[in-house]
Amino acid sequence: TLGEIDVEIAPNVSREILLNVASPLGDMRMSQRGKYLINSQEDQLSVWNRAGNVFAISPDAQARAIPEGLQGHIIAGSAEIVIDQSLVDILPDSAFDALNPGNQTLSSEWGCYTEKEDPNSPDGVYAREILNDTSVMHISRFEMVGQAASNHGEIGCYQWPNTFTDPLPITAYDYLELRASMMIRYQSLPMCGERSSECPVMLKINYVTAEGLHQDWIHGFYARFEQASGYPLRCDTCSLEHERLTPNTWYTFSSGNLLQLLPAAQRPVAILNVGFYASGHQFEVLLGEVALLAGNVNGPAPLAPAEPSPSAIPTLETAPDS
């Protein structure tokens, strides 16, 4: 099977877990909390250990532990398991784990805001919460007694990888990807409104081009579709149509390499801030992660992996009963 899957094993699970992803090229085996990205292609099976403990096991039972922050590859036609540098997340808190000492419902890295068109309409609500032992950002806006929500409201959060005024240079990289996980629970407006600017989830990167111009990359997501509304599916400042998601279902978005997908004159050389916002009338969404990943496709030479102790490799024979 060709494709890519995100795997997240939550902490504090009440029983032992052994997850084995098998393919004709080998296995990727995980038994501890963590985040892993597994990619299966015709010529190789790869895993990116974003956090945790994962083993790559070749068809001839050779195994290697893949250290955190690195990638492991099982190459077709070879018994060798290659470990090399992976992408880095240039945002200090992509998973909403950095607690604000003064208020643990907020992150110490994300700056959030709420605004509304009508001062008599309800405010939006944003809070960092724990869902299934995992941090999420919960954003909502609903009608309240005496306060109708039939007008524009917006709630958003931004993070600055360097400072508020000085962007972070990224010229050392040849790969830049925005990655986010989200769930849309409810939206009252169909699609993203009459101007396609009011999606329940909007992702945004504010960056600087080689000519020193400030530009925005914006991409939206919605769950309620009504063809009869005639609303457009792309905003005036968006390069792509917004994406339709299944409500009440987690979805992971990957932008691909923006340094190749954007026209040369519009490519970023420095990042000022990265954010997300919910816009519309009434809505409820969850964000599980917003990460900005950077690296080099043709990076440094592969690293020499250390041979793991055989006893450290979780075996299928000792897996707990399901």
# chains A, B, ... in the order shown; residues from 1 in each chain; ligands from 1
$ residues_around --residues "Gln260 (chain A)" --least-positions-apart "3" --cutoff "12 Å" --atoms "only C-alpha atoms" --output "MDAnalysis selection string"
chainID A and resid 173:177 255:257 263:268 297
$ select_by_dssp --residues "region 112-293 of chain A" --states "helix (DSSP H, G or I)" --output "NGL selection string"
:A and (227-229 or 258-261 or 264-266)
$ write_last_selection --atoms "N, CA, C and O atoms" --output "mmCIF file, in the first residue's frame"
data_model
loop_
_atom_site.group_PDB
_atom_site.id
_atom_site.type_symbol
_atom_site.label_atom_id
_atom_site.label_comp_id
_atom_site.auth_asym_id
_atom_site.auth_seq_id
_atom_site.Cartn_x
_atom_site.Cartn_y
_atom_site.Cartn_z
ATOM 1 N N GLN A 227 -24.352 23.725 -2.298
ATOM 2 C CA GLN A 227 -24.096 24.177 -3.666
ATOM 3 C C GLN A 227 -25.015 25.323 -4.070
ATOM 4 O O GLN A 227 -24.627 26.226 -4.815
ATOM 5 N N ALA A 228 -26.248 25.316 -3.552
ATOM 6 C CA ALA A 228 -27.217 26.340 -3.924
ATOM 7 C C ALA A 228 -26.810 27.734 -3.457
ATOM 8 O O ALA A 228 -27.311 28.740 -3.986
ATOM 9 N N SER A 229 -25.931 27.819 -2.485
ATOM 10 C CA SER A 229 -25.521 29.135 -1.989
ATOM 11 C C SER A 229 -24.744 29.927 -3.037
ATOM 12 O O SER A 229 -24.745 31.159 -3.038
ATOM 13 N N LEU A 258 6.370 24.190 0.085
ATOM 14 C CA LEU A 258 5.974 25.514 -0.390
ATOM 15 C C LEU A 258 7.088 26.201 -1.172
ATOM 16 O O LEU A 258 6.811 27.083 -1.995
ATOM 17 N N LEU A 259 8.329 25.810 -0.944
ATOM 18 C CA LEU A 259 9.441 26.425 -1.663
ATOM 19 C C LEU A 259 9.497 25.971 -3.117
ATOM 20 O O LEU A 259 10.232 26.553 -3.924
ATOM 21 N N GLN A 260 8.733 24.950 -3.452
ATOM 22 C CA GLN A 260 8.607 24.527 -4.843
ATOM 23 C C GLN A 260 7.233 24.850 -5.423
ATOM 24 O O GLN A 260 7.110 25.158 -6.607
ATOM 25 N N LEU A 261 6.195 24.793 -4.571
ATOM 26 C CA LEU A 261 4.839 24.985 -5.062
ATOM 27 C C LEU A 261 4.526 26.450 -5.359
ATOM 28 O O LEU A 261 3.730 26.743 -6.262
ATOM 29 N N ALA A 264 8.333 31.496 -8.033
ATOM 30 C CA ALA A 264 9.645 31.930 -7.542
ATOM 31 C C ALA A 264 9.584 33.284 -6.856
ATOM 32 O O ALA A 264 10.202 33.504 -5.794
ATOM 33 N N ALA A 265 8.846 34.245 -7.433
ATOM 34 C CA ALA A 265 8.796 35.598 -6.870
ATOM 35 C C ALA A 265 8.007 35.658 -5.570
ATOM 36 O O ALA A 265 8.115 36.646 -4.831
ATOM 37 N N GLN A 266 7.215 34.610 -5.270
ATOM 38 C CA GLN A 266 6.385 34.613 -4.065
ATOM 39 C C GLN A 266 6.908 33.687 -2.976
ATOM 40 O O GLN A 266 6.250 33.493 -1.955
#
$ atom_distance --atom1 "CA of Pro92 (chain A)" --atom2 "CA of Ser197 (chain A)"
27.9 Å
$ residues_around --residues "region 219-223 of chain A" --least-positions-apart "6" --cutoff "9 Å" --atoms "only C-alpha atoms" --output "compact mmCIF listing (two decimals) with N, CA and C atoms, in the first residue's frame"
# COMPACT_ATOMS: atom_id res chain seq x y z
N ILE A 184 -13.46 19.83 12.58
CA ILE A 184 -14.55 20.81 12.55
C ILE A 184 -15.79 20.14 13.11
N ARG A 185 -16.24 20.64 14.26
CA ARG A 185 -17.43 20.05 14.89
C ARG A 185 -18.72 20.69 14.40
N TYR A 186 -18.66 21.99 14.11
CA TYR A 186 -19.89 22.68 13.70
C TYR A 186 -19.54 23.98 13.00
N GLN A 187 -20.37 24.37 12.02
CA GLN A 187 -20.32 25.69 11.42
C GLN A 187 -21.70 26.05 10.92
N PRO A 190 -22.56 28.19 5.37
CA PRO A 190 -22.09 27.19 4.42
C PRO A 190 -20.75 27.57 3.83
N MET A 191 -19.97 26.57 3.50
CA MET A 191 -18.63 26.75 2.95
C MET A 191 -17.86 27.79 3.77
N CYS A 192 -17.41 28.86 3.11
CA CYS A 192 -16.63 29.88 3.81
C CYS A 192 -17.21 31.28 3.60
N SER A 196 -15.81 33.82 0.61
CA SER A 196 -14.90 32.70 0.88
C SER A 196 -13.77 33.09 1.82
N SER A 197 -14.07 34.00 2.75
CA SER A 197 -13.07 34.47 3.70
C SER A 197 -13.43 34.10 5.14
N GLU A 198 -14.51 33.33 5.33
CA GLU A 198 -14.96 32.99 6.68
C GLU A 198 -15.04 31.47 6.85
N CYS A 199 -13.90 30.82 6.76
CA CYS A 199 -13.84 29.38 7.00
C CYS A 199 -13.75 29.11 8.50
N PRO A 200 -14.28 27.98 8.96
CA PRO A 200 -14.13 27.64 10.38
C PRO A 200 -12.69 27.32 10.76
N VAL A 201 -11.85 26.98 9.77
CA VAL A 201 -10.40 26.87 10.01
C VAL A 201 -9.67 27.53 8.85
N MET A 202 -8.82 28.49 9.18
CA MET A 202 -7.96 29.13 8.19
C MET A 202 -6.53 29.06 8.71
N LEU A 203 -5.61 28.59 7.87
CA LEU A 203 -4.19 28.57 8.20
C LEU A 203 -3.50 29.71 7.48
N LYS A 204 -2.52 30.33 8.13
CA LYS A 204 -1.90 31.51 7.55
C LYS A 204 -0.42 31.59 7.91
N ARG A 234 -12.69 29.83 -3.06
CA ARG A 234 -11.34 30.37 -2.89
C ARG A 234 -11.43 31.86 -2.60
N CYS A 235 -10.71 32.30 -1.59
CA CYS A 235 -10.73 33.72 -1.25
C CYS A 235 -9.84 34.51 -2.21
N CYS A 238 -6.15 33.87 -1.69
CA CYS A 238 -5.74 32.46 -1.57
C CYS A 238 -5.28 31.92 -2.92
N SER A 239 -4.26 31.08 -2.89
CA SER A 239 -3.76 30.48 -4.12
C SER A 239 -4.42 29.15 -4.44
N LEU A 240 -5.15 28.58 -3.46
CA LEU A 240 -5.80 27.29 -3.64
C LEU A 240 -7.25 27.37 -3.19
N GLU A 241 -8.10 26.49 -3.74
CA GLU A 241 -9.45 26.36 -3.23
C GLU A 241 -9.42 25.78 -1.82
N HIS A 242 -10.38 26.21 -1.01
CA HIS A 242 -10.48 25.67 0.33
C HIS A 242 -10.89 24.20 0.28
N GLU A 243 -10.60 23.47 1.35
CA GLU A 243 -10.83 22.02 1.38
C GLU A 243 -12.06 21.67 2.21
N ARG A 244 -12.84 20.75 1.68
CA ARG A 244 -14.01 20.27 2.39
C ARG A 244 -13.65 19.06 3.23
N LEU A 245 -14.00 19.10 4.53
CA LEU A 245 -13.70 18.02 5.46
C LEU A 245 -14.98 17.36 5.94
N THR A 246 -14.83 16.15 6.43
CA THR A 246 -15.94 15.45 7.07
C THR A 246 -16.10 15.98 8.50
N PRO A 247 -17.29 16.41 8.91
CA PRO A 247 -17.44 16.94 10.26
C PRO A 247 -17.17 15.88 11.32
$ select_by_dssp --residues "region 39-256 of chain A" --states "strand (DSSP E)" --output "PyMOL selection string"
chain A and resi 39-40+44-51+54-57+63-66+70-75+81-85+88-89+99-100+103-107+111-116+125-131+134-141+153-159+168-169+175-187+201-209+214-222+243-244+251-254
$ closest_residue --among "A:Asn20, A:Ser121, A:Asn273, A:Asn100" --to "Gly146 (chain A)" --atoms "only C-alpha atoms"
A:Ser121
$ atom_distance --atom1 "CA of Leu213 (chain A)" --atom2 "CA of Ala180 (chain A)"
25.6 Å
$ atom_distance --atom1 "CA of Asn103 (chain A)" --atom2 "CA of Cys157 (chain A)"
15.6 Å
$ residues_around --residues "Ala63 (chain A)" --least-positions-apart "2" --cutoff "10 Å" --atoms "only C-alpha atoms" --output "list in words"
Gly26, Asp27, Met28, Arg29, Phe55, Ala56, Ile57, Ser58, Pro59, Asp60, Ala61, Ala65, Ile66, Ile74, Ala79, Glu80, Ile81, Glu307, Pro308, Ser309, Pro310 and Ile313 of chain A
$ decode --residues "region 110-130 of chain A" --atoms "N, CA and C atoms" --output "PDB file, in the first residue's frame"
ATOM      1  N   TRP A 110       1.763  30.800  21.947  1.00  0.00           N
ATOM      2  CA  TRP A 110       0.754  31.293  21.011  1.00  0.00           C
ATOM      3  C   TRP A 110       0.085  32.535  21.578  1.00  0.00           C
ATOM      4  N   GLY A 111      -0.020  33.573  20.749  1.00  0.00           N
ATOM      5  CA  GLY A 111      -0.779  34.760  21.117  1.00  0.00           C
ATOM      6  C   GLY A 111      -2.138  34.712  20.441  1.00  0.00           C
ATOM      7  N   CYS A 112      -3.225  34.755  21.216  1.00  0.00           N
ATOM      8  CA  CYS A 112      -4.567  34.566  20.674  1.00  0.00           C
ATOM      9  C   CYS A 112      -5.402  35.836  20.822  1.00  0.00           C
ATOM     10  N   TYR A 113      -6.454  35.913  20.000  1.00  0.00           N
ATOM     11  CA  TYR A 113      -7.312  37.093  19.997  1.00  0.00           C
ATOM     12  C   TYR A 113      -8.732  36.674  19.632  1.00  0.00           C
ATOM     13  N   THR A 114      -9.687  37.553  19.901  1.00  0.00           N
ATOM     14  CA  THR A 114     -11.058  37.376  19.451  1.00  0.00           C
ATOM     15  C   THR A 114     -11.605  38.727  19.041  1.00  0.00           C
ATOM     16  N   GLU A 115     -12.368  38.753  17.947  1.00  0.00           N
ATOM     17  CA  GLU A 115     -12.957  40.001  17.484  1.00  0.00           C
ATOM     18  C   GLU A 115     -14.344  39.712  16.921  1.00  0.00           C
ATOM     19  N   LYS A 116     -15.175  40.764  16.856  1.00  0.00           N
ATOM     20  CA  LYS A 116     -16.548  40.587  16.373  1.00  0.00           C
ATOM     21  C   LYS A 116     -17.024  41.869  15.712  1.00  0.00           C
ATOM     22  N   GLU A 117     -17.910  41.692  14.747  1.00  0.00           N
ATOM     23  CA  GLU A 117     -18.446  42.822  14.000  1.00  0.00           C
ATOM     24  C   GLU A 117     -19.423  43.639  14.831  1.00  0.00           C
ATOM     25  N   ASP A 118     -20.274  42.963  15.575  1.00  0.00           N
ATOM     26  CA  ASP A 118     -21.307  43.607  16.387  1.00  0.00           C
ATOM     27  C   ASP A 118     -20.907  43.542  17.855  1.00  0.00           C
ATOM     28  N   PRO A 119     -20.743  44.695  18.522  1.00  0.00           N
ATOM     29  CA  PRO A 119     -20.337  44.648  19.932  1.00  0.00           C
ATOM     30  C   PRO A 119     -21.349  43.972  20.838  1.00  0.00           C
ATOM     31  N   ASN A 120     -22.591  43.841  20.387  1.00  0.00           N
ATOM     32  CA  ASN A 120     -23.612  43.181  21.204  1.00  0.00           C
ATOM     33  C   ASN A 120     -23.711  41.688  20.926  1.00  0.00           C
ATOM     34  N   SER A 121     -22.889  41.182  20.040  1.00  0.00           N
ATOM     35  CA  SER A 121     -22.885  39.746  19.738  1.00  0.00           C
ATOM     36  C   SER A 121     -21.938  39.024  20.692  1.00  0.00           C
ATOM     37  N   PRO A 122     -22.031  37.697  20.789  1.00  0.00           N
ATOM     38  CA  PRO A 122     -21.179  36.963  21.743  1.00  0.00           C
ATOM     39  C   PRO A 122     -19.717  36.951  21.330  1.00  0.00           C
ATOM     40  N   ASP A 123     -18.860  36.921  22.332  1.00  0.00           N
ATOM     41  CA  ASP A 123     -17.424  36.758  22.090  1.00  0.00           C
ATOM     42  C   ASP A 123     -17.139  35.316  21.688  1.00  0.00           C
ATOM     43  N   GLY A 124     -16.066  35.132  20.995  1.00  0.00           N
ATOM     44  CA  GLY A 124     -15.570  33.792  20.763  1.00  0.00           C
ATOM     45  C   GLY A 124     -14.769  33.318  21.963  1.00  0.00           C
ATOM     46  N   VAL A 125     -14.572  32.010  22.037  1.00  0.00           N
ATOM     47  CA  VAL A 125     -13.856  31.410  23.168  1.00  0.00           C
ATOM     48  C   VAL A 125     -12.717  30.564  22.635  1.00  0.00           C
ATOM     49  N   TYR A 126     -11.541  30.708  23.215  1.00  0.00           N
ATOM     50  CA  TYR A 126     -10.407  29.851  22.862  1.00  0.00           C
ATOM     51  C   TYR A 126      -9.750  29.361  24.140  1.00  0.00           C
ATOM     52  N   ALA A 127      -9.328  28.113  24.144  1.00  0.00           N
ATOM     53  CA  ALA A 127      -8.702  27.545  25.335  1.00  0.00           C
ATOM     54  C   ALA A 127      -7.906  26.308  24.954  1.00  0.00           C
ATOM     55  N   ARG A 128      -6.785  26.140  25.610  1.00  0.00           N
ATOM     56  CA  ARG A 128      -6.012  24.908  25.499  1.00  0.00           C
ATOM     57  C   ARG A 128      -6.637  23.878  26.418  1.00  0.00           C
ATOM     58  N   GLU A 129      -6.962  22.691  25.864  1.00  0.00           N
ATOM     59  CA  GLU A 129      -7.604  21.645  26.647  1.00  0.00           C
ATOM     60  C   GLU A 129      -6.874  20.322  26.448  1.00  0.00           C
ATOM     61  N   ILE A 130      -7.202  19.368  27.288  1.00  0.00           N
ATOM     62  CA  ILE A 130      -6.661  18.014  27.167  1.00  0.00           C
ATOM     63  C   ILE A 130      -7.768  17.101  26.681  1.00  0.00           C
TER      64      ILE A 130
END
